[in-house]
Amino acid sequence: MDLTDKVVVVTGSSAGLGEQICYEAARQGAIVVTCARRINLIGQVKEKCMALSGKAAYAFQLDIADPHSVENVLAKIADEVGNVDVLVNNAGFGYFEDFVNFDLDMAKNMFEVNVLGMLYFTQKIAIQMVAEKSGHIFNVASMAAKMATPKSTIYSATKFAVLGFSNALRLELKPVNVQVTTINPGPIETDFFGKADPSGNYLENIGAIVLTPEKIAKIIISKVGTNTREINRPHMMEVASRFYTLFPRIGDFLAGGLFNTK
């Protein structure tokens with residue numbers, strides 16, 4: 001898809017992968033809408049997008065877990081920007097802890113952010129895309145949705161939900177020319193791990209397979225308008241996830257051993 005003057009909405013885009021997706025879309029001439037809770041940071045993202053694209057860009061403060069905030073942002077997009085051509089659902093967070101010690105209030109919040117808020121935000125935009133018979137929705141899940149590992153019980157559960165939702169939504173919207181792509185990244189070098197793993201040990205232990213947000217963002221934007229089912233990176237973890245499904249015992253060994261570095 002030629003992204004010139006196309007409206008690209010990215011949630012969770014104050015930093016990390018979401019921020020880089022905004023910049024890559026702006027480089028392609030898109031009208032970028034950055035949405036996140038940290039209003040000061042998305043203001044900076046907006047300014048850089050305008051500089052990269054030479055076009056208007058927008059920044060709306062969004063708490064994806066709050067239905068009122070979602071409604072407010074969707075109304076602003078409809079009134080101030082117009083129809084959405086590309087939606088990237090990137091908002092989400094994780095925390096690594098053994099389930100028996102997990103704070104279930106945090107678990108509830110993780111589902112509200114990673115799953116329920118994403119569903120609510122997506123439905124409103126999907127209705128518009130169906131009416132237009134055009135659009136592309138990207139849902140950021142995780143390799144944790146394909147291969148759960150110890151200390152990721154709640155995070156994996158939310159991302160399994162995102163993957164299942166995306167698979168069904170893709171089939172529902174395909175007849176009306178709306179594409180749905182699931183993004184399943186492994187660990188990305190972002191501030192996600194500042195909350196998920198405050199010790200910093202996880203990224204240090206898996207340094208060889210850590211992804212950069214800039215590279216993943218380029219891959220995502222290159223797939224806009226294409227019939228792409230999934231984006232899975234790194235390739236090593238994609239292969240491991242296939243073993244996880246096809247050869248359960250080997251899968252448990254990989255998930256509980258080789259990739260158990262939290």
# chains A, B, ... in the order shown; residues from 1 in each chain; ligands from 1

call {"tool": "select_by_dssp", "arguments": {"residues": "segment 94-258 of chain A", "states": "strand (DSSP E)", "output": "number ranges by chain"}}
result
A: 135-140, 178-185, 230-233

call {"tool": "residues_around", "arguments": {"residues": "segment 26-39 of chain A", "least_positions_apart": "6", "cutoff": "9 Å", "atoms": "only C-alpha atoms", "output": "VMD selection string"}}
result
chain A and resid 2 to 14 18 to 19 45 to 46 48 to 64 73 77 81 91 221

call {"tool": "residues_around", "arguments": {"residues": "Leu119 of chain A", "least_positions_apart": "6", "cutoff": "10 Å", "atoms": "only C-alpha atoms", "output": "list of chain:residue names"}}
result
A:Ile64, A:Asn89, A:Glu112, A:Val113, A:Val162, A:Phe165

call {"tool": "write_last_selection", "arguments": {"atoms": "N, CA, C and O atoms", "output": "PDB file, in the first residue's frame"}}
result
ATOM      1  N   ILE A  64      -5.746   2.860  27.393  1.00  0.00           N
ATOM      2  CA  ILE A  64      -6.462   1.817  26.671  1.00  0.00           C
ATOM      3  C   ILE A  64      -7.334   0.968  27.596  1.00  0.00           C
ATOM      4  O   ILE A  64      -8.314   0.351  27.151  1.00  0.00           O
ATOM      5  N   ASN A  89      -2.267  -2.095  16.929  1.00  0.00           N
ATOM      6  CA  ASN A  89      -2.547  -2.274  18.362  1.00  0.00           C
ATOM      7  C   ASN A  89      -1.269  -2.745  19.052  1.00  0.00           C
ATOM      8  O   ASN A  89      -0.968  -3.936  19.101  1.00  0.00           O
ATOM      9  N   GLU A 112      -6.924  -6.112  31.107  1.00  0.00           N
ATOM     10  CA  GLU A 112      -7.628  -4.899  30.686  1.00  0.00           C
ATOM     11  C   GLU A 112      -6.848  -4.140  29.627  1.00  0.00           C
ATOM     12  O   GLU A 112      -7.430  -3.605  28.676  1.00  0.00           O
ATOM     13  N   VAL A 113      -5.539  -4.092  29.772  1.00  0.00           N
ATOM     14  CA  VAL A 113      -4.695  -3.363  28.825  1.00  0.00           C
ATOM     15  C   VAL A 113      -4.426  -4.184  27.571  1.00  0.00           C
ATOM     16  O   VAL A 113      -4.645  -3.736  26.443  1.00  0.00           O
ATOM     17  N   VAL A 162      -4.816 -12.563  22.396  1.00  0.00           N
ATOM     18  CA  VAL A 162      -4.632 -11.670  21.247  1.00  0.00           C
ATOM     19  C   VAL A 162      -4.463 -12.480  19.969  1.00  0.00           C
ATOM     20  O   VAL A 162      -5.044 -12.146  18.919  1.00  0.00           O
ATOM     21  N   PHE A 165      -7.871 -14.106  19.001  1.00  0.00           N
ATOM     22  CA  PHE A 165      -8.741 -13.048  18.490  1.00  0.00           C
ATOM     23  C   PHE A 165      -8.346 -12.654  17.073  1.00  0.00           C
ATOM     24  O   PHE A 165      -9.192 -12.534  16.175  1.00  0.00           O
TER      25      PHE A 165
END

call {"tool": "atom_distance", "arguments": {"atom1": "atom CA of Pro175 of chain A", "atom2": "atom CA of Lys133 of chain A"}}
result
8.9 Å

call {"tool": "select_by_dssp", "arguments": {"residues": "segment 6-148 of chain A", "states": "helix (DSSP H, G or I)", "output": "PyMOL selection string"}}
result
chain A and resi 16-27+39-53+67-81+99-101+104-132+143-145

call {"tool": "atom_distance", "arguments": {"atom1": "atom CA of Gly117 of chain A", "atom2": "atom CA of Asn139 of chain A"}}
result
12.3 Å

call {"tool": "closest_residue", "arguments": {"among": "A:Asp66, A:Glu214, A:Glu172, A:Asp85", "to": "Tyr23 of chain A", "atoms": "only C-alpha atoms"}}
result
A:Glu214

call {"tool": "closest_residue", "arguments": {"among": "A:Val130, A:Lys146, A:Ile42, A:Gly94", "to": "Ser241 of chain A", "atoms": "only C-alpha atoms"}}
result
A:Lys146
